[in-house]
Structure formats: structure tokens, C-alpha cells
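Reading through the C-alpha cells given below for one structure.
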Amino acid sequence: MCGIAGFLDLKRQTGTEALASEARAMGAAQVHRGPDSGGVWTDDAAGVALSFRRLAIIDLSPAGDQPMVSANGRYVLVFNGEIYNFKALRADLEAAGHQFRGDSDTEVMLEGFAAWGVEATVTQLIGMFAFALWDREERRLWLCRDRLGIKPLYYGERDGLFLFGSELKALRAKGGWTPRIDRDALAAYARFNYVPTPLSIYEGIRKLPPATLLSYTPGETPVLSRYWDMQGVASQTRRDISDADAIEEAERLLTDAVRRRMVADVPLGALLSGGVDSATVVALMQKS
């Protein structure tokens, strides 16, 4: 778990020191998500500030710190989560001549954006993630959330600011923005006992839906597009097979999923609830 946050000052009236200070405040509000290290990146000409709090899992060295800038200098990334197929993607990039400074999945994702483009890279990612990517060339912000929405991401445009963060408390830490309760969200909470996506409890702030890529250019309306659909995948993969073959295929897929998630530079463990699902995961962890 890590924490990302940031904002665009649409009026571009915030100086470098103020951008950095406010970004650090947004990060400090999420220090529980990333106690190992933190960083900020700013561009006062564009009015952009990115903040990151890190829980180090892969590449514990400073080479894995964020915000991270691509080798060509075009992209700046803050990323919460893990990419389970990053080694395979790295091999493809190295075969195309790309060189790496460290061993993190963050850098592989970032260089993928530089090599293949944002949309083409996202469709290749296997993992749980939420990220914010600033394109310095096009002056465009990209926000993205993983297929099932495991990692949270909030965003919105209010009071001359475009804000985003892993948690609402990071947005509240940004000066110059006054949160107001969204009455529709409050009514939904009273009815369902939770606030459904895309609403948040604050007016004008939304949850980015799962499997969604958002593109935002200051002065324009954000463009949201889905890059994956569970119903579409299910309709394409339905097969008439025997029960025995179905069991064998399920075991193969589960084994592969667990194996991918055991890549880490820190000790791994599991908490058993006593149910069939957690016991199966631990058994496959031992097998891997």
C-alpha cells in the first residue's frame, strides 16, 4: 500500500515553494499508507504538484522512490500498487534497447508509457494499481485505476483546482479548497450504507471507476474511457468442458495468480481466516 496525491493549479498562481509545501501536506495526510519514504515533484509553469508516500515492496533502494521521471524526461509518475508481470514487460523493453536504473515495477511501467504510449501500456498491466501520470510534453494528466478497483483513487475540479488522491483526507489537506457535503451522496449512504461509485461524500469529487483511464488537459473536460470489461472477457472465454478439466484449469489459473503475487524484496505472509479461500491461497503459496 502506498499513497498518491496531487493537484493542478488551473490559474497557475502558485510558486514552486508553495506547490511543494502543499504537496507535502497532502502526502503527510497519507503517511500511514507509506511510512518508508516520501517525495514531491512540481512544475510551477504548469501549476502541477505530485506527492507520494512509499511502502517499499520491490527494489527497496532509492532507485524505486517516487515521484519518478521517465528516462526521456517526458513523463512523471506516482503509482500505488504492484504490477505482477513487470519482469516480462521489462524483458520486452530491454529487447527493444531500453535501459533501466533500478529494479522496480514503477520504472518498468513508466518506460512502457514512454515506449508504447499510455493506453497501449495500461492494457498490458497485470496487477492492482492506481496511478497519476503527468505528460510534460502535452501538459496532460492521466489517472488510472486497476481492473477491479482494488486501489482507490478520488479526483475532482473545484475552486480553480484539479485535485486527486488515494484518500479524501489528502484532498482535505490541500489549502484553497473548501469541501462541501454532496447531498445526493449522503442520501445514497443513508439508503445503501455506503457511497456508490462514482460519487464521494464531497460535492464535485468523484471516485474513478475500476478499469477506467482518465485523460485531463487543463481547461477541457476530463475524458474517461474503460479499458477492460468483465462481461466482455467472460463472454469470450466461456467453454464447454468437463468438471475435471474445469477443476484442473482453475488450479492452474490460481497457481499462476499466487505465484505472480509472491514477487517481493520483503518477507511475505498470509492471515488465515479459516475459510476455504485463504487456506487455498496459503497452500498455493507453499507450493510456489
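Going by the C-alpha cells order, chains are called A, B, ..., each with residues numbered from 1, while ligands are numbered from 1 in the order shown.
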Would you mind listing, for every residue of stretch 102-214 of chain A within 8 Å of stretch 60-81 of chain A, the two atoms forming the shortest contact and the distance between them in Å to one decimal, using only C-alpha atoms, sorted by chain and ascending residue number, as JSON lines?
{"residue": "A:Gly102", "atom": "CA", "partner": "A:Ala63", "partner_atom": "CA", "distance": 5.1}
{"residue": "A:Asp103", "atom": "CA", "partner": "A:Gly64", "partner_atom": "CA", "distance": 7.3}
{"residue": "A:Ser104", "atom": "CA", "partner": "A:Gly64", "partner_atom": "CA", "distance": 5.5}
{"residue": "A:Thr106", "atom": "CA", "partner": "A:Phe79", "partner_atom": "CA", "distance": 7.0}
{"residue": "A:Glu107", "atom": "CA", "partner": "A:Met68", "partner_atom": "CA", "distance": 7.5}
{"residue": "A:Leu110", "atom": "CA", "partner": "A:Ser70", "partner_atom": "CA", "distance": 5.9}
{"residue": "A:Glu111", "atom": "CA", "partner": "A:Ser70", "partner_atom": "CA", "distance": 6.1}
{"residue": "A:Phe113", "atom": "CA", "partner": "A:Tyr75", "partner_atom": "CA", "distance": 8.0}
{"residue": "A:Ala114", "atom": "CA", "partner": "A:Ser70", "partner_atom": "CA", "distance": 7.2}
{"residue": "A:Gly127", "atom": "CA", "partner": "A:Gly81", "partner_atom": "CA", "distance": 7.5}
{"residue": "A:Met128", "atom": "CA", "partner": "A:Gly81", "partner_atom": "CA", "distance": 5.4}
{"residue": "A:Phe129", "atom": "CA", "partner": "A:Gly81", "partner_atom": "CA", "distance": 4.3}
{"residue": "A:Ala130", "atom": "CA", "partner": "A:Asn80", "partner_atom": "CA", "distance": 5.3}
{"residue": "A:Phe131", "atom": "CA", "partner": "A:Phe79", "partner_atom": "CA", "distance": 4.3}
{"residue": "A:Ala132", "atom": "CA", "partner": "A:Val78", "partner_atom": "CA", "distance": 5.5}
{"residue": "A:Leu133", "atom": "CA", "partner": "A:Leu77", "partner_atom": "CA", "distance": 4.6}
{"residue": "A:Trp134", "atom": "CA", "partner": "A:Val76", "partner_atom": "CA", "distance": 5.2}
{"residue": "A:Asp135", "atom": "CA", "partner": "A:Tyr75", "partner_atom": "CA", "distance": 4.9}
{"residue": "A:Arg136", "atom": "CA", "partner": "A:Arg74", "partner_atom": "CA", "distance": 5.3}
{"residue": "A:Glu137", "atom": "CA", "partner": "A:Arg74", "partner_atom": "CA", "distance": 6.0}
{"residue": "A:Lys151", "atom": "CA", "partner": "A:Gly81", "partner_atom": "CA", "distance": 7.0}
Okay, now the selection with N, CA, C and O atoms, as an mmCIF file, in the first residue's frame?
data_model
loop_
_atom_site.group_PDB
_atom_site.id
_atom_site.type_symbol
_atom_site.label_atom_id
_atom_site.label_comp_id
_atom_site.auth_asym_id
_atom_site.auth_seq_id
_atom_site.Cartn_x
_atom_site.Cartn_y
_atom_site.Cartn_z
ATOM 1 N N GLY A 102 17.037 1.020 -12.065
ATOM 2 C CA GLY A 102 16.774 0.210 -10.885
ATOM 3 C C GLY A 102 16.016 -1.044 -11.243
ATOM 4 O O GLY A 102 15.996 -1.467 -12.409
ATOM 5 N N ASP A 103 15.353 -1.637 -10.239
ATOM 6 C CA ASP A 103 14.667 -2.909 -10.438
ATOM 7 C C ASP A 103 13.182 -2.853 -10.080
ATOM 8 O O ASP A 103 12.560 -3.880 -9.850
ATOM 9 N N SER A 104 12.609 -1.662 -10.038
ATOM 10 C CA SER A 104 11.225 -1.529 -9.591
ATOM 11 C C SER A 104 10.227 -1.740 -10.718
ATOM 12 O O SER A 104 10.527 -1.521 -11.900
ATOM 13 N N THR A 106 7.678 0.143 -10.868
ATOM 14 C CA THR A 106 7.325 1.517 -11.214
ATOM 15 C C THR A 106 8.065 1.981 -12.462
ATOM 16 O O THR A 106 7.478 2.556 -13.384
ATOM 17 N N GLU A 107 9.373 1.722 -12.487
ATOM 18 C CA GLU A 107 10.180 2.166 -13.622
ATOM 19 C C GLU A 107 9.780 1.442 -14.899
ATOM 20 O O GLU A 107 9.769 2.042 -15.984
ATOM 21 N N LEU A 110 6.643 3.050 -16.162
ATOM 22 C CA LEU A 110 6.957 4.381 -16.671
ATOM 23 C C LEU A 110 7.613 4.320 -18.043
ATOM 24 O O LEU A 110 7.258 5.065 -18.964
ATOM 25 N N GLU A 111 8.577 3.424 -18.213
ATOM 26 C CA GLU A 111 9.243 3.305 -19.504
ATOM 27 C C GLU A 111 8.333 2.664 -20.550
ATOM 28 O O GLU A 111 8.488 2.904 -21.748
ATOM 29 N N PHE A 113 5.143 3.448 -20.743
ATOM 30 C CA PHE A 113 4.399 4.610 -21.231
ATOM 31 C C PHE A 113 5.212 5.356 -22.286
ATOM 32 O O PHE A 113 4.669 5.803 -23.305
ATOM 33 N N ALA A 114 6.504 5.509 -22.024
ATOM 34 C CA ALA A 114 7.363 6.244 -22.955
ATOM 35 C C ALA A 114 7.534 5.498 -24.272
ATOM 36 O O ALA A 114 7.622 6.111 -25.342
ATOM 37 N N GLY A 127 -2.107 -6.493 -12.478
ATOM 38 C CA GLY A 127 -1.790 -6.061 -11.131
ATOM 39 C C GLY A 127 -2.927 -5.315 -10.473
ATOM 40 O O GLY A 127 -4.055 -5.282 -10.961
ATOM 41 N N MET A 128 -2.607 -4.719 -9.344
ATOM 42 C CA MET A 128 -3.539 -3.840 -8.629
ATOM 43 C C MET A 128 -2.850 -2.489 -8.558
ATOM 44 O O MET A 128 -1.706 -2.381 -8.105
ATOM 45 N N PHE A 129 -3.532 -1.446 -9.002
ATOM 46 C CA PHE A 129 -2.830 -0.171 -9.116
ATOM 47 C C PHE A 129 -3.788 1.009 -9.238
ATOM 48 O O PHE A 129 -4.939 0.869 -9.659
ATOM 49 N N ALA A 130 -3.284 2.148 -8.835
ATOM 50 C CA ALA A 130 -3.870 3.444 -9.153
ATOM 51 C C ALA A 130 -2.687 4.351 -9.403
ATOM 52 O O ALA A 130 -1.722 4.345 -8.634
ATOM 53 N N PHE A 131 -2.728 5.122 -10.479
ATOM 54 C CA PHE A 131 -1.587 5.985 -10.751
ATOM 55 C C PHE A 131 -2.030 7.328 -11.314
ATOM 56 O O PHE A 131 -3.138 7.477 -11.845
ATOM 57 N N ALA A 132 -1.133 8.294 -11.156
ATOM 58 C CA ALA A 132 -1.277 9.606 -11.785
ATOM 59 C C ALA A 132 -0.015 9.845 -12.591
ATOM 60 O O ALA A 132 1.100 9.679 -12.089
ATOM 61 N N LEU A 133 -0.191 10.212 -13.846
ATOM 62 C CA LEU A 133 0.922 10.412 -14.764
ATOM 63 C C LEU A 133 0.802 11.785 -15.398
ATOM 64 O O LEU A 133 -0.232 12.114 -15.990
ATOM 65 N N TRP A 134 1.862 12.577 -15.276
ATOM 66 C CA TRP A 134 1.868 13.893 -15.901
ATOM 67 C C TRP A 134 2.713 13.846 -17.162
ATOM 68 O O TRP A 134 3.881 13.447 -17.120
ATOM 69 N N ASP A 135 2.108 14.220 -18.288
ATOM 70 C CA ASP A 135 2.794 14.291 -19.569
ATOM 71 C C ASP A 135 3.295 15.722 -19.744
ATOM 72 O O ASP A 135 2.508 16.634 -20.003
ATOM 73 N N ARG A 136 4.601 15.909 -19.605
ATOM 74 C CA ARG A 136 5.175 17.258 -19.658
ATOM 75 C C ARG A 136 5.143 17.835 -21.076
ATOM 76 O O ARG A 136 5.132 19.052 -21.249
ATOM 77 N N GLU A 137 5.115 16.968 -22.073
ATOM 78 C CA GLU A 137 5.099 17.436 -23.461
ATOM 79 C C GLU A 137 3.725 17.937 -23.862
ATOM 80 O O GLU A 137 3.579 19.005 -24.452
ATOM 81 N N LYS A 151 -7.332 -0.683 -5.816
ATOM 82 C CA LYS A 151 -6.700 0.524 -5.288
ATOM 83 C C LYS A 151 -7.615 1.732 -5.496
ATOM 84 O O LYS A 151 -8.143 1.930 -6.584
#
Using only C-alpha atoms, determine which residues lie at most 6 Å from A:Val195, disregarding the query and same-chain residues fewer than 3 positions distant; provide the list as a PDB file with C-alpha atoms, in the first residue's frame.
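Result file follows (selection25.pdb):
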ATOM      1  CA  ALA A 185     -24.103  11.031  -1.869  1.00  0.00           C
ATOM      2  CA  ALA A 188     -27.219   7.203  -1.162  1.00  0.00           C
ATOM      3  CA  TYR A 189     -25.296   6.465   2.026  1.00  0.00           C
TER       4      TYR A 189
END
Original post:
Could you pull out the strand (DSSP E) residues of stretch 131-221 of chain A from DSSP and send them as a ChimeraX atom specification?
Top reply: /A:131-135,140-145,154-158,161-165,205-207,212-216
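Using only C-alpha atoms, the nearest neighbour of A:Thr14 within the list A:Leu125, A:Leu161, A:Ala187, A:Cys2 is A:Leu161.
Every residue of stretch 174-234 of chain A with a DSSP assignment of helix (DSSP H, G or I), taken from the backbone, is listed as A:Arg183, A:Asp184, A:Ala185, A:Leu186, A:Ala187, A:Ala188, A:Tyr189, A:Ala190, A:Arg191, A:Phe192, A:Met230, A:Gln231, A:Gly232, A:Val233, A:Ala234.
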Could you write out that same residue set with C-alpha atoms as a short mmCIF file (atom, residue, chain, number, x, y, z; two decimals), in the first residue's frame?
data_model
loop_
_atom_site.label_atom_id
_atom_site.label_comp_id
_atom_site.auth_asym_id
_atom_site.auth_seq_id
_atom_site.Cartn_x
_atom_site.Cartn_y
_atom_site.Cartn_z
CA ARG A 183 -26.48 15.70 -0.63
CA ASP A 184 -27.02 13.03 -3.29
CA ALA A 185 -24.10 11.03 -1.87
CA LEU A 186 -25.48 11.47 1.65
CA ALA A 187 -28.88 10.20 0.53
CA ALA A 188 -27.22 7.20 -1.16
CA TYR A 189 -25.30 6.46 2.03
CA ALA A 190 -28.48 6.56 4.07
CA ARG A 191 -30.12 4.16 1.64
CA PHE A 192 -27.29 1.71 0.88
CA MET A 230 -15.54 -8.27 -17.16
CA GLN A 231 -18.68 -9.18 -19.09
CA GLY A 232 -16.81 -8.96 -22.37
CA VAL A 233 -13.99 -11.15 -21.09
CA ALA A 234 -16.44 -13.72 -19.71
#
Neighbour list for A:Pro209 as a short mmCIF file (atom, residue, chain, number, x, y, z; two decimals) with N, CA, C and O atoms, in the first residue's frame, cut-off 9 Å, only C-alpha atoms, skip fewer than 5 positions in-chain:
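Result file follows (part.cif):
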data_model
loop_
_atom_site.label_atom_id
_atom_site.label_comp_id
_atom_site.auth_asym_id
_atom_site.auth_seq_id
_atom_site.Cartn_x
_atom_site.Cartn_y
_atom_site.Cartn_z
N CYS A 144 -5.54 6.58 -13.56
CA CYS A 144 -5.98 5.23 -13.95
C CYS A 144 -6.15 4.37 -12.70
O CYS A 144 -5.43 4.53 -11.71
N ARG A 145 -7.09 3.44 -12.80
CA ARG A 145 -7.38 2.51 -11.71
C ARG A 145 -7.44 1.09 -12.27
O ARG A 145 -7.87 0.87 -13.41
N LEU A 148 -10.34 -4.22 -11.28
CA LEU A 148 -11.40 -4.47 -10.31
C LEU A 148 -11.52 -3.38 -9.26
O LEU A 148 -12.34 -3.48 -8.34
N GLY A 149 -10.73 -2.34 -9.37
CA GLY A 149 -10.83 -1.24 -8.42
C GLY A 149 -10.30 -1.58 -7.04
O GLY A 149 -10.84 -1.12 -6.02
N LEU A 153 -8.95 5.74 -5.82
CA LEU A 153 -8.48 7.00 -6.40
C LEU A 153 -9.66 7.96 -6.52
O LEU A 153 -10.68 7.63 -7.14
N THR A 197 -19.95 4.27 -6.23
CA THR A 197 -19.18 4.89 -7.31
C THR A 197 -20.13 5.38 -8.40
O THR A 197 -21.11 4.71 -8.71
N PRO A 198 -19.89 6.57 -8.97
CA PRO A 198 -18.69 7.41 -8.88
C PRO A 198 -18.79 8.52 -7.83
O PRO A 198 -17.92 9.38 -7.80
N ARG A 226 -13.13 3.26 -20.58
CA ARG A 226 -12.90 1.95 -19.97
C ARG A 226 -11.95 1.16 -20.85
O ARG A 226 -12.11 1.11 -22.07
#
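Using only C-alpha atoms, the protein and nucleic acid residues lying no more than 8 Å from stretch 86-93 of chain A, apart from those fewer than 2 places from it along its own chain, are Ile83, Tyr84, Ala95, Ala96, Gly97, His98, Asp105, Val108, Met109, Glu111, Gly112, Ala115 and Leu125 of chain A.
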Write out, as an mmCIF file, in the first residue's frame, the residues just selected, with C-alpha atoms.
data_model
loop_
_atom_site.group_PDB
_atom_site.id
_atom_site.type_symbol
_atom_site.label_atom_id
_atom_site.label_comp_id
_atom_site.auth_asym_id
_atom_site.auth_seq_id
_atom_site.Cartn_x
_atom_site.Cartn_y
_atom_site.Cartn_z
ATOM 1 C CA ILE A 83 2.498 -4.821 -11.361
ATOM 2 C CA TYR A 84 2.813 -8.597 -11.303
ATOM 3 C CA ALA A 95 14.955 -6.283 -26.061
ATOM 4 C CA ALA A 96 13.921 -3.017 -27.729
ATOM 5 C CA GLY A 97 17.005 -1.279 -26.345
ATOM 6 C CA HIS A 98 15.671 0.367 -23.186
ATOM 7 C CA ASP A 105 7.936 -2.242 -11.292
ATOM 8 C CA VAL A 108 9.002 -0.600 -15.961
ATOM 9 C CA MET A 109 5.525 0.914 -16.114
ATOM 10 C CA GLU A 111 9.243 3.305 -19.504
ATOM 11 C CA GLY A 112 6.351 1.369 -21.010
ATOM 12 C CA ALA A 115 7.815 3.370 -25.406
ATOM 13 C CA LEU A 125 -0.619 -4.432 -16.985
#
